[in-house]
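This is my_file_23.pdb (PDB, C-alpha atoms, pLDDT in the B column).
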```
ATOM      1  CA  MET A 212      75.150  82.420  91.722  1.00 47.00           C
ATOM      2  CA  ALA A 213      72.330  83.755  89.554  1.00 40.00           C
ATOM      3  CA  ARG A 214      68.848  82.390  90.009  1.00 39.00           C
ATOM      4  CA  ARG A 215      67.434  80.013  87.423  1.00 39.00           C
ATOM      5  CA  GLY A 216      65.588  82.578  85.285  1.00 42.00           C
ATOM      6  CA  SER A 217      65.559  81.481  81.649  1.00 39.00           C
ATOM      7  CA  LEU A 218      68.841  79.599  81.695  1.00 45.00           C
ATOM      8  CA  ARG A 219      68.949  76.452  79.581  1.00 56.00           C
ATOM      9  CA  PRO A 220      69.369  73.223  81.605  1.00 57.00           C
ATOM     10  CA  SER A 221      72.922  72.754  80.293  1.00 68.00           C
ATOM     11  CA  SER A 222      73.868  76.332  81.250  1.00 85.00           C
ATOM     12  CA  LEU A 223      72.314  75.911  84.678  1.00 87.00           C
ATOM     13  CA  ARG A 224      74.243  72.691  85.300  1.00 88.00           C
ATOM     14  CA  GLU A 225      77.492  74.349  84.293  1.00 90.00           C
ATOM     15  CA  GLN A 226      76.801  77.391  86.448  1.00 92.00           C
ATOM     16  CA  VAL A 227      76.071  75.286  89.519  1.00 93.00           C
ATOM     17  CA  TYR A 228      79.199  73.222  88.897  1.00 90.00           C
ATOM     18  CA  GLU A 229      81.405  76.318  88.502  1.00 88.00           C
ATOM     19  CA  SER A 230      79.876  78.020  91.553  1.00 91.00           C
ATOM     20  CA  LEU A 231      80.285  74.995  93.778  1.00 91.00           C
ATOM     21  CA  ARG A 232      83.794  74.326  92.494  1.00 84.00           C
ATOM     22  CA  GLY A 233      84.714  77.957  93.172  1.00 80.00           C
ATOM     23  CA  ASP A 234      83.327  77.808  96.699  1.00 84.00           C
ATOM     24  CA  LEU A 235      85.271  74.625  97.380  1.00 81.00           C
ATOM     25  CA  THR A 236      88.595  75.835  96.039  1.00 69.00           C
ATOM     26  CA  SER A 237      88.325  79.277  97.667  1.00 69.00           C
ATOM     27  CA  GLY A 238      87.665  77.792 101.082  1.00 68.00           C
ATOM     28  CA  SER A 239      84.182  79.323 101.332  1.00 79.00           C
ATOM     29  CA  ILE A 240      82.915  75.864 102.257  1.00 84.00           C
ATOM     30  CA  ALA A 241      84.439  74.532 105.474  1.00 80.00           C
ATOM     31  CA  PRO A 242      86.594  71.387 105.084  1.00 76.00           C
ATOM     32  CA  ASN A 243      84.366  69.426 107.501  1.00 82.00           C
ATOM     33  CA  GLU A 244      81.040  70.589 106.031  1.00 89.00           C
ATOM     34  CA  ARG A 245      78.811  67.851 104.632  1.00 93.00           C
ATOM     35  CA  LEU A 246      77.712  68.614 101.077  1.00 95.00           C
ATOM     36  CA  GLY A 247      74.013  67.874 101.251  1.00 94.00           C
ATOM     37  CA  GLU A 248      72.003  68.250  98.043  1.00 94.00           C
ATOM     38  CA  GLU A 249      69.029  69.920  99.678  1.00 93.00           C
ATOM     39  CA  ARG A 250      71.039  72.577 101.504  1.00 93.00           C
ATOM     40  CA  LEU A 251      73.200  73.333  98.433  1.00 94.00           C
ATOM     41  CA  ALA A 252      70.115  73.579  96.210  1.00 94.00           C
ATOM     42  CA  GLU A 253      68.678  76.158  98.602  1.00 93.00           C
ATOM     43  CA  LEU A 254      72.016  78.001  98.773  1.00 92.00           C
ATOM     44  CA  TYR A 255      72.303  78.321  94.983  1.00 92.00           C
ATOM     45  CA  GLY A 256      68.591  78.820  94.334  1.00 93.00           C
ATOM     46  CA  VAL A 257      68.163  75.762  92.110  1.00 93.00           C
ATOM     47  CA  SER A 258      66.598  72.317  92.197  1.00 93.00           C
ATOM     48  CA  ARG A 259      68.509  69.301  93.506  1.00 93.00           C
ATOM     49  CA  THR A 260      69.128  67.853  90.015  1.00 94.00           C
ATOM     50  CA  PRO A 261      71.895  70.267  88.874  1.00 94.00           C
ATOM     51  CA  VAL A 262      73.424  70.078  92.353  1.00 95.00           C
ATOM     52  CA  ARG A 263      73.495  66.272  92.167  1.00 94.00           C
ATOM     53  CA  GLU A 264      75.161  66.429  88.749  1.00 94.00           C
ATOM     54  CA  ALA A 265      77.707  69.002  89.952  1.00 94.00           C
ATOM     55  CA  LEU A 266      78.591  66.841  92.948  1.00 95.00           C
ATOM     56  CA  ALA A 267      79.118  63.836  90.680  1.00 94.00           C
ATOM     57  CA  ARG A 268      81.518  65.853  88.500  1.00 90.00           C
ATOM     58  CA  LEU A 269      83.392  67.214  91.508  1.00 90.00           C
ATOM     59  CA  LEU A 270      83.714  63.703  92.902  1.00 88.00           C
ATOM     60  CA  ALA A 271      85.286  62.624  89.596  1.00 85.00           C
ATOM     61  CA  ASP A 272      87.534  65.731  89.697  1.00 76.00           C
ATOM     62  CA  GLY A 273      88.860  64.651  93.097  1.00 75.00           C
ATOM     63  CA  LEU A 274      87.703  67.853  94.814  1.00 80.00           C
ATOM     64  CA  ILE A 275      85.186  66.083  97.035  1.00 87.00           C
ATOM     65  CA  GLU A 276      85.135  62.633  98.607  1.00 87.00           C
ATOM     66  CA  ARG A 277      82.566  60.251 100.044  1.00 91.00           C
ATOM     67  CA  ASP A 278      82.565  58.561 103.422  1.00 88.00           C
ATOM     68  CA  GLU A 279      79.913  56.701 105.378  1.00 88.00           C
ATOM     69  CA  HIS A 280      78.225  59.989 106.312  1.00 90.00           C
ATOM     70  CA  GLY A 281      78.049  61.523 102.832  1.00 93.00           C
ATOM     71  CA  LEU A 282      80.070  63.857 100.622  1.00 94.00           C
ATOM     72  CA  TYR A 283      82.688  66.266 101.975  1.00 90.00           C
ATOM     73  CA  PRO A 284      85.384  68.565 100.540  1.00 86.00           C
ATOM     74  CA  TYR A 285      88.573  66.663  99.718  1.00 79.00           C
ATOM     75  CA  ARG A 286      91.082  66.804 102.577  1.00 75.00           C
ATOM     76  CA  PRO A 287      94.589  65.650 101.660  1.00 71.00           C
ATOM     77  CA  ARG A 288      96.274  63.062 103.836  1.00 75.00           C
ATOM     78  CA  LEU A 289      99.903  63.585 104.784  1.00 74.00           C
ATOM     79  CA  ASP A 290     100.970  60.911 102.304  1.00 77.00           C
ATOM     80  CA  ASP A 291      98.882  62.644  99.622  1.00 81.00           C
ATOM     81  CA  LEU A 292     100.770  65.900 100.161  1.00 84.00           C
ATOM     82  CA  ASP A 293     104.108  64.262  99.378  1.00 86.00           C
ATOM     83  CA  GLY A 294     102.690  62.852  96.157  1.00 90.00           C
ATOM     84  CA  LEU A 295     101.026  66.121  95.179  1.00 90.00           C
ATOM     85  CA  TYR A 296     104.252  68.062  95.666  1.00 92.00           C
ATOM     86  CA  GLU A 297     106.120  65.499  93.587  1.00 94.00           C
ATOM     87  CA  LEU A 298     103.562  65.919  90.817  1.00 96.00           C
ATOM     88  CA  ARG A 299     103.754  69.699  91.108  1.00 96.00           C
ATOM     89  CA  SER A 300     107.554  69.633  90.790  1.00 97.00           C
ATOM     90  CA  THR A 301     107.346  67.324  87.774  1.00 97.00           C
ATOM     91  CA  LEU A 302     104.836  69.544  85.966  1.00 98.00           C
ATOM     92  CA  GLU A 303     106.588  72.840  86.645  1.00 98.00           C
ATOM     93  CA  ALA A 304     110.035  71.475  85.844  1.00 97.00           C
ATOM     94  CA  ARG A 305     108.724  70.118  82.559  1.00 98.00           C
ATOM     95  CA  GLY A 306     107.605  73.605  81.551  1.00 98.00           C
ATOM     96  CA  ILE A 307     111.151  74.963  81.654  1.00 98.00           C
ATOM     97  CA  ARG A 308     112.779  71.744  80.478  1.00 97.00           C
ATOM     98  CA  ARG A 309     110.701  71.594  77.272  1.00 97.00           C
ATOM     99  CA  VAL A 310     111.978  75.068  76.294  1.00 97.00           C
ATOM    100  CA  LEU A 311     115.537  74.107  77.217  1.00 96.00           C
ATOM    101  CA  ASP A 312     115.348  70.946  75.115  1.00 96.00           C
ATOM    102  CA  ASP A 313     113.801  72.556  72.015  1.00 96.00           C
ATOM    103  CA  PRO A 314     115.579  75.654  70.635  1.00 92.00           C
ATOM    104  CA  SER A 315     112.497  76.498  68.555  1.00 96.00           C
ATOM    105  CA  LEU A 316     110.448  77.132  71.709  1.00 97.00           C
ATOM    106  CA  THR A 317     110.395  80.283  73.820  1.00 97.00           C
ATOM    107  CA  HIS A 318     108.415  81.444  76.817  1.00 98.00           C
ATOM    108  CA  ASP A 319     105.547  83.890  76.314  1.00 98.00           C
ATOM    109  CA  ARG A 320     107.515  86.971  77.288  1.00 98.00           C
ATOM    110  CA  ALA A 321     104.503  89.214  77.854  1.00 98.00           C
ATOM    111  CA  ALA A 322     102.960  86.746  80.311  1.00 98.00           C
ATOM    112  CA  VAL A 323     106.174  86.422  82.311  1.00 98.00           C
ATOM    113  CA  VAL A 324     106.734  90.199  82.320  1.00 98.00           C
ATOM    114  CA  GLY A 325     103.179  90.659  83.627  1.00 98.00           C
ATOM    115  CA  GLU A 326     103.868  88.349  86.561  1.00 98.00           C
ATOM    116  CA  LEU A 327     107.246  89.955  87.224  1.00 98.00           C
ATOM    117  CA  GLU A 328     105.580  93.350  87.504  1.00 98.00           C
ATOM    118  CA  VAL A 329     102.987  91.989  89.940  1.00 97.00           C
ATOM    119  CA  TRP A 330     105.652  90.602  92.265  1.00 98.00           C
ATOM    120  CA  GLN A 331     107.821  93.711  91.965  1.00 98.00           C
ATOM    121  CA  ARG A 332     104.822  95.671  93.246  1.00 97.00           C
ATOM    122  CA  PHE A 333     104.501  93.172  96.087  1.00 96.00           C
ATOM    123  CA  ARG A 334     108.175  93.762  96.894  1.00 95.00           C
ATOM    124  CA  ASP A 335     107.533  97.494  97.176  1.00 94.00           C
ATOM    125  CA  SER A 336     104.243  97.065  99.026  1.00 93.00           C
ATOM    126  CA  PRO A 337     104.132  93.629 100.716  1.00 89.00           C
ATOM    127  CA  PRO A 338     100.718  91.932 100.558  1.00 87.00           C
ATOM    128  CA  ASP A 339      98.902  90.692 103.614  1.00 84.00           C
ATOM    129  CA  PRO A 340      99.166  86.932 104.201  1.00 80.00           C
ATOM    130  CA  GLY A 341      95.977  85.062 103.431  1.00 74.00           C
ATOM    131  CA  PRO A 342      93.953  83.291 100.733  1.00 72.00           C
ATOM    132  CA  GLU A 343      94.428  86.126  98.224  1.00 80.00           C
ATOM    133  CA  LEU A 344      98.200  85.787  98.457  1.00 88.00           C
ATOM    134  CA  VAL A 345      97.915  82.021  98.028  1.00 85.00           C
ATOM    135  CA  GLY A 346      95.858  82.700  94.898  1.00 86.00           C
ATOM    136  CA  ALA A 347      98.487  85.114  93.578  1.00 93.00           C
ATOM    137  CA  ASP A 348     101.201  82.543  94.238  1.00 94.00           C
ATOM    138  CA  GLU A 349      99.272  79.869  92.346  1.00 93.00           C
ATOM    139  CA  HIS A 350      98.659  82.309  89.484  1.00 96.00           C
ATOM    140  CA  PHE A 351     102.385  82.998  89.187  1.00 98.00           C
ATOM    141  CA  HIS A 352     103.191  79.311  88.858  1.00 97.00           C
ATOM    142  CA  THR A 353     100.372  78.413  86.464  1.00 97.00           C
ATOM    143  CA  THR A 354     101.146  81.475  84.305  1.00 98.00           C
ATOM    144  CA  LEU A 355     104.831  80.612  84.170  1.00 98.00           C
ATOM    145  CA  LEU A 356     103.980  77.047  83.195  1.00 98.00           C
ATOM    146  CA  ALA A 357     101.439  78.107  80.554  1.00 98.00           C
ATOM    147  CA  ALA A 358     104.036  80.535  79.168  1.00 98.00           C
ATOM    148  CA  SER A 359     106.149  77.532  78.182  1.00 97.00           C
ATOM    149  CA  GLY A 360     103.627  76.791  75.450  1.00 96.00           C
ATOM    150  CA  ASN A 361     101.700  73.769  76.734  1.00 96.00           C
ATOM    151  CA  PRO A 362      98.355  74.804  78.294  1.00 95.00           C
ATOM    152  CA  ALA A 363      97.634  71.206  79.323  1.00 96.00           C
ATOM    153  CA  LEU A 364     100.527  71.334  81.791  1.00 97.00           C
ATOM    154  CA  ALA A 365      99.082  74.467  83.375  1.00 96.00           C
ATOM    155  CA  GLU A 366      95.617  72.877  83.573  1.00 93.00           C
ATOM    156  CA  ALA A 367      97.100  69.865  85.337  1.00 95.00           C
ATOM    157  CA  LEU A 368      98.915  72.144  87.783  1.00 95.00           C
ATOM    158  CA  ALA A 369      95.680  74.008  88.513  1.00 91.00           C
ATOM    159  CA  GLY A 370      94.125  70.681  89.490  1.00 88.00           C
ATOM    160  CA  VAL A 371      97.021  69.903  91.820  1.00 90.00           C
ATOM    161  CA  ASN A 372      96.736  73.364  93.387  1.00 88.00           C
ATOM    162  CA  SER A 373      93.021  72.859  94.025  1.00 82.00           C
ATOM    163  CA  ARG A 374      93.721  69.677  95.947  1.00 81.00           C
ATOM    164  CA  MET A 375      96.497  71.269  98.007  1.00 82.00           C
ATOM    165  CA  ARG A 376      94.631  74.483  98.761  1.00 76.00           C
ATOM    166  CA  PRO A 377      92.739  73.227 101.866  1.00 68.00           C
ATOM    167  CA  VAL A 378      96.079  73.068 103.660  1.00 69.00           C
ATOM    168  CA  ARG A 379      97.795  76.048 102.053  1.00 68.00           C
ATOM    169  CA  ALA A 380      94.862  78.408 102.568  1.00 55.00           C
ATOM    170  CA  LEU A 381      94.854  77.718 106.300  1.00 50.00           C
ATOM    171  CA  ASP A 382      98.611  77.916 106.722  1.00 57.00           C
ATOM    172  CA  ALA A 383      99.924  80.952 108.587  1.00 57.00           C
ATOM    173  CA  LEU A 384     102.315  82.813 106.292  1.00 71.00           C
ATOM    174  CA  THR A 385     104.762  84.936 108.272  1.00 81.00           C
ATOM    175  CA  GLU A 386     106.142  88.238 107.010  1.00 86.00           C
ATOM    176  CA  ASP A 387     109.530  86.589 106.447  1.00 88.00           C
ATOM    177  CA  ARG A 388     107.987  83.804 104.373  1.00 87.00           C
ATOM    178  CA  VAL A 389     106.006  86.303 102.307  1.00 91.00           C
ATOM    179  CA  ALA A 390     109.173  88.323 101.656  1.00 93.00           C
ATOM    180  CA  THR A 391     111.042  85.170 100.633  1.00 93.00           C
ATOM    181  CA  MET A 392     108.233  84.135  98.276  1.00 94.00           C
ATOM    182  CA  VAL A 393     108.283  87.562  96.614  1.00 96.00           C
ATOM    183  CA  VAL A 394     112.069  87.589  96.153  1.00 97.00           C
ATOM    184  CA  GLU A 395     112.133  84.038  94.759  1.00 97.00           C
ATOM    185  CA  HIS A 396     109.321  84.709  92.292  1.00 98.00           C
ATOM    186  CA  ILE A 397     111.105  87.795  91.020  1.00 98.00           C
ATOM    187  CA  ARG A 398     114.373  85.886  90.683  1.00 98.00           C
ATOM    188  CA  ILE A 399     112.737  83.047  88.729  1.00 98.00           C
ATOM    189  CA  ALA A 400     110.907  85.415  86.364  1.00 98.00           C
ATOM    190  CA  GLU A 401     114.035  87.481  85.756  1.00 98.00           C
ATOM    191  CA  SER A 402     116.051  84.345  84.960  1.00 98.00           C
ATOM    192  CA  VAL A 403     113.429  83.188  82.455  1.00 98.00           C
ATOM    193  CA  LEU A 404     113.307  86.594  80.759  1.00 98.00           C
ATOM    194  CA  ALA A 405     117.118  86.764  80.589  1.00 98.00           C
ATOM    195  CA  GLY A 406     117.258  83.322  78.959  1.00 96.00           C
ATOM    196  CA  ARG A 407     119.058  81.801  81.951  1.00 98.00           C
ATOM    197  CA  LEU A 408     116.813  78.770  81.901  1.00 98.00           C
ATOM    198  CA  GLU A 409     119.166  76.414  83.728  1.00 98.00           C
ATOM    199  CA  ASP A 410     119.260  78.938  86.581  1.00 98.00           C
ATOM    200  CA  ALA A 411     115.480  79.314  86.441  1.00 98.00           C
ATOM    201  CA  PHE A 412     115.094  75.524  86.515  1.00 98.00           C
ATOM    202  CA  ARG A 413     117.177  75.180  89.689  1.00 98.00           C
ATOM    203  CA  GLN A 414     115.591  78.224  91.328  1.00 98.00           C
ATOM    204  CA  LEU A 415     112.098  76.925  90.635  1.00 98.00           C
ATOM    205  CA  LEU A 416     112.750  73.477  92.069  1.00 97.00           C
ATOM    206  CA  ASP A 417     114.483  74.931  95.136  1.00 96.00           C
ATOM    207  CA  HIS A 418     111.492  77.237  95.635  1.00 95.00           C
ATOM    208  CA  ILE A 419     109.008  74.359  95.457  1.00 95.00           C
ATOM    209  CA  GLU A 420     111.118  72.160  97.749  1.00 93.00           C
ATOM    210  CA  SER A 421     111.300  74.929 100.339  1.00 90.00           C
ATOM    211  CA  SER A 422     107.541  75.392 100.213  1.00 87.00           C
ATOM    212  CA  GLN A 423     107.031  71.644 100.533  1.00 86.00           C
ATOM    213  CA  SER A 424     109.196  71.428 103.647  1.00 86.00           C
ATOM    214  CA  VAL A 425     107.295  74.206 105.376  1.00 81.00           C
ATOM    215  CA  VAL A 426     103.826  72.981 104.425  1.00 78.00           C
ATOM    216  CA  LEU A 427     104.547  69.365 105.366  1.00 79.00           C
ATOM    217  CA  GLU A 428     105.996  70.403 108.712  1.00 77.00           C
ATOM    218  CA  ARG A 429     102.933  72.513 109.366  1.00 71.00           C
ATOM    219  CA  ALA A 430     100.602  69.729 108.229  1.00 68.00           C
ATOM    220  CA  GLU A 431     102.218  67.251 110.604  1.00 71.00           C
ATOM    221  CA  ARG A 432     101.646  69.642 113.477  1.00 66.00           C
ATOM    222  CA  ALA A 433      98.133  70.328 112.232  1.00 56.00           C
ATOM    223  CA  LEU A 434      96.833  67.035 113.555  1.00 54.00           C
ATOM    224  CA  SER A 435      97.026  68.479 117.060  1.00 52.00           C
ATOM    225  CA  MET A 436      95.704  71.921 116.109  1.00 48.00           C
ATOM    226  CA  ALA A 437      91.955  72.387 115.892  1.00 42.00           C
ATOM    227  CA  LYS A 438      91.883  74.767 112.935  1.00 50.00           C
ATOM    228  CA  LEU A 439      94.281  73.011 110.563  1.00 51.00           C
ATOM    229  CA  GLY A 440      93.191  69.631 111.850  1.00 52.00           C
ATOM    230  CA  LEU A 441      90.018  70.030 109.839  1.00 58.00           C
ATOM    231  CA  ALA A 442      92.028  70.284 106.619  1.00 59.00           C
ATOM    232  CA  VAL A 443      94.497  67.426 107.072  1.00 59.00           C
ATOM    233  CA  ARG A 444      94.081  63.794 108.008  1.00 60.00           C
ATOM    234  CA  GLY A 445      96.690  61.417 109.368  1.00 60.00           C
TER     235      GLY A 445
END
```
Spell out the structure here as structure tokens.
Amino acid sequence: MARRGSLRPSSLREQVYESLRGDLTSGSIAPNERLGEERLAELYGVSRTPVREALARLLADGLIERDEHGLYPYRPRLDDLDGLYELRSTLEARGIRRVLDDPSLTHDRAAVVGELEVWQRFRDSPPDPGPELVGADEHFHTTLLAASGNPALAEALAGVNSRMRPVRALDALTEDRVATMVVEHIRIAESVLAGRLEDAFRQLLDHIESSQSVVLERAERALSMAKLGLAVRG
């Protein structure tokens, strides 16, 4: 983050908030790291006041939580993951359903074509598993949802993704799972572009359900694994 310089107080507050939010959602801050004002102020080169205000906003956003020892990055409980996946399915299904239910609506074709081309390139040159692939996966889903014409749905999905990311970013994606993700994304995008929205609807929900099964299974095992155990609580 840039040093204070001549930034107005409001700009500085926003910059600290965006920087800290980005570090949380990217996994740059460890899930078990206490978010102390003094250390964060030193890290971002600012006073404690904008850090305190950023932490208050992030607490309201649900991206951090407080316990008896202080503030920490949000770590989803197993029960939370079920609820978050249910919310994700509801949001993404609504994106396709609203176009199905209203003949005057169409998907933003250019946006969907752009995502299709990205995942076709991944099919030809498979990406390495890791946080960048998780980010590309999230971008596909939020773009597809935004393409249905309601940006608020996509914003809500982005919030859900942020809360699920501590688990997903630490999950070990195998080559087979990456290949399956690529094929399913291509299939969904092609169905949307061809106007086969009922097919796209079923494919999308099946895709999310499959992801949920794998992530929940991995999260349940995570309680006995040191690395993922930091990201999930029983």
*If we count only C-alpha atoms, what is near Arg388 (chain A) at a cut-off of 12 Å, once residues fewer than 3 positions away on the same chain are taken out, given as JSON, numbers by chain?*
{"A": [337, 338, 339, 340, 344, 382, 383, 384, 385, 391, 392, 393, 394, 395, 418, 421, 422, 425, 426]}
Export C-alpha atoms of the chosen residues as a short mmCIF file (atom, residue, chain, number, x, y, z; two decimals), keeping the file's coordinate frame?
```cif
data_model
loop_
_atom_site.label_atom_id
_atom_site.label_comp_id
_atom_site.auth_asym_id
_atom_site.auth_seq_id
_atom_site.Cartn_x
_atom_site.Cartn_y
_atom_site.Cartn_z
CA PRO A 337 104.13 93.63 100.72
CA PRO A 338 100.72 91.93 100.56
CA ASP A 339 98.90 90.69 103.61
CA PRO A 340 99.17 86.93 104.20
CA LEU A 344 98.20 85.79 98.46
CA ASP A 382 98.61 77.92 106.72
CA ALA A 383 99.92 80.95 108.59
CA LEU A 384 102.32 82.81 106.29
CA THR A 385 104.76 84.94 108.27
CA THR A 391 111.04 85.17 100.63
CA MET A 392 108.23 84.14 98.28
CA VAL A 393 108.28 87.56 96.61
CA VAL A 394 112.07 87.59 96.15
CA GLU A 395 112.13 84.04 94.76
CA HIS A 418 111.49 77.24 95.64
CA SER A 421 111.30 74.93 100.34
CA SER A 422 107.54 75.39 100.21
CA VAL A 425 107.30 74.21 105.38
CA VAL A 426 103.83 72.98 104.42
#
```
*Skipping near chain neighbours, those fewer than 6 positions away, what residues fall within 9 Å of Leu231 (chain A) using all atoms listed in the file, listed as a VMD selection string?*
chain A and resid 240 251 255 262 265 to 266 269
_Expansion of the PyMOL selection byres ((chain A and resi 252) around 12) into residues, as number ranges by chain_ = A: 212, 214-215, 223-224, 227-228, 230-231, 246-251, 253-266
*Have a look at A:Arg334, A:Asp417, A:Arg407, A:Phe351 and name the one nearest to Ala390 (chain A); count only C-alpha atoms.*
A:Arg334
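Using all atoms listed in the file, the shortest contact distance between Ser424 (chain A) and any of A:Asp293, A:Glu244, A:Asp312, A:Glu326 is found at A:Asp293.
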At a cut-off of 10 Å, using all atoms listed in the file, what residues contact Ala357 (chain A)? Leave out same-chain residues fewer than 2 positions from it and give the result as an mmCIF file with C-alpha atoms, in the frame of the given file.
```
data_model
loop_
_atom_site.group_PDB
_atom_site.id
_atom_site.type_symbol
_atom_site.label_atom_id
_atom_site.label_comp_id
_atom_site.auth_asym_id
_atom_site.auth_seq_id
_atom_site.Cartn_x
_atom_site.Cartn_y
_atom_site.Cartn_z
ATOM 1 C CA GLU A 303 106.588 72.840 86.645
ATOM 2 C CA GLY A 306 107.605 73.605 81.551
ATOM 3 C CA HIS A 318 108.415 81.444 76.817
ATOM 4 C CA ASP A 319 105.547 83.890 76.314
ATOM 5 C CA ALA A 322 102.960 86.746 80.311
ATOM 6 C CA VAL A 323 106.174 86.422 82.311
ATOM 7 C CA PHE A 351 102.385 82.998 89.187
ATOM 8 C CA HIS A 352 103.191 79.311 88.858
ATOM 9 C CA THR A 353 100.372 78.413 86.464
ATOM 10 C CA THR A 354 101.146 81.475 84.305
ATOM 11 C CA LEU A 355 104.831 80.612 84.170
ATOM 12 C CA SER A 359 106.149 77.532 78.182
ATOM 13 C CA GLY A 360 103.627 76.791 75.450
ATOM 14 C CA ASN A 361 101.700 73.769 76.734
ATOM 15 C CA PRO A 362 98.355 74.804 78.294
ATOM 16 C CA ALA A 363 97.634 71.206 79.323
ATOM 17 C CA LEU A 364 100.527 71.334 81.791
ATOM 18 C CA ALA A 365 99.082 74.467 83.375
ATOM 19 C CA GLU A 366 95.617 72.877 83.573
ATOM 20 C CA LEU A 368 98.915 72.144 87.783
#
```
*In terms of the shortest atom-to-atom distance over only C-alpha atoms, which of A:Val371, A:Arg376, A:Leu274, A:Leu356 is closest to Ala304 (chain A)?*
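Of all the options, A:Leu356 lies closest to Ala304 (chain A).
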*Identify which of the residues A:Asp234, A:Gly294, A:Gly281, A:Glu229 lies closest to Gln423 (chain A), counting all atoms listed in the file when measuring atom-to-atom distances.*
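The closest residue to Gln423 (chain A) is A:Gly294.
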*Selection result for the PyMOL selection byres ((chain A and resi 311) around 12) on this file, as a PyMOL selection string*: chain A and resi 304-310+312-318+359+403+406-412
*Report the distance between CA of Gly346 (chain A) and CA of Glu297 (chain A) in Å, rounded to one decimal place.*
20.1 Å
*Could you please determine the separation between CA of Ala267 (chain A) and CA of Leu289 (chain A) in Å, to one decimal place?*
25.1 Å
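When only C-alpha atoms are used to measure the gap to Asp348 (chain A), the shortest distance among A:Ala367, A:Val389, A:Leu404, A:Leu302 belongs to A:Val389.
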*asked:* What does the structure give for the distance between CA of Arg245 (chain A) and CA of Leu282 (chain A), in Å to one decimal?
replied: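 Interatomic distance, CA of Arg245 (chain A) to CA of Leu282 (chain A): 5.8 Å.
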Please enclose the listed atoms of region 277-288 of chain A in an axis-aligned box, pad each side by 5 Å, and write out the centre and the three edge lengths in Å, rounded to one decimal, as JSON.
```
{"center_x": 87.2, "center_y": 62.6, "center_z": 103.0, "size_x": 28.2, "size_y": 21.9, "size_z": 16.6}
```
*Using only C-alpha atoms, which residues sit within 7 Å of Pro284 (chain A) once same-chain residues fewer than 6 positions away are excluded, as a list in words?*
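Contacts, in chain order: Leu235, Pro242, Leu274, Ile275 and Glu276 of chain A.
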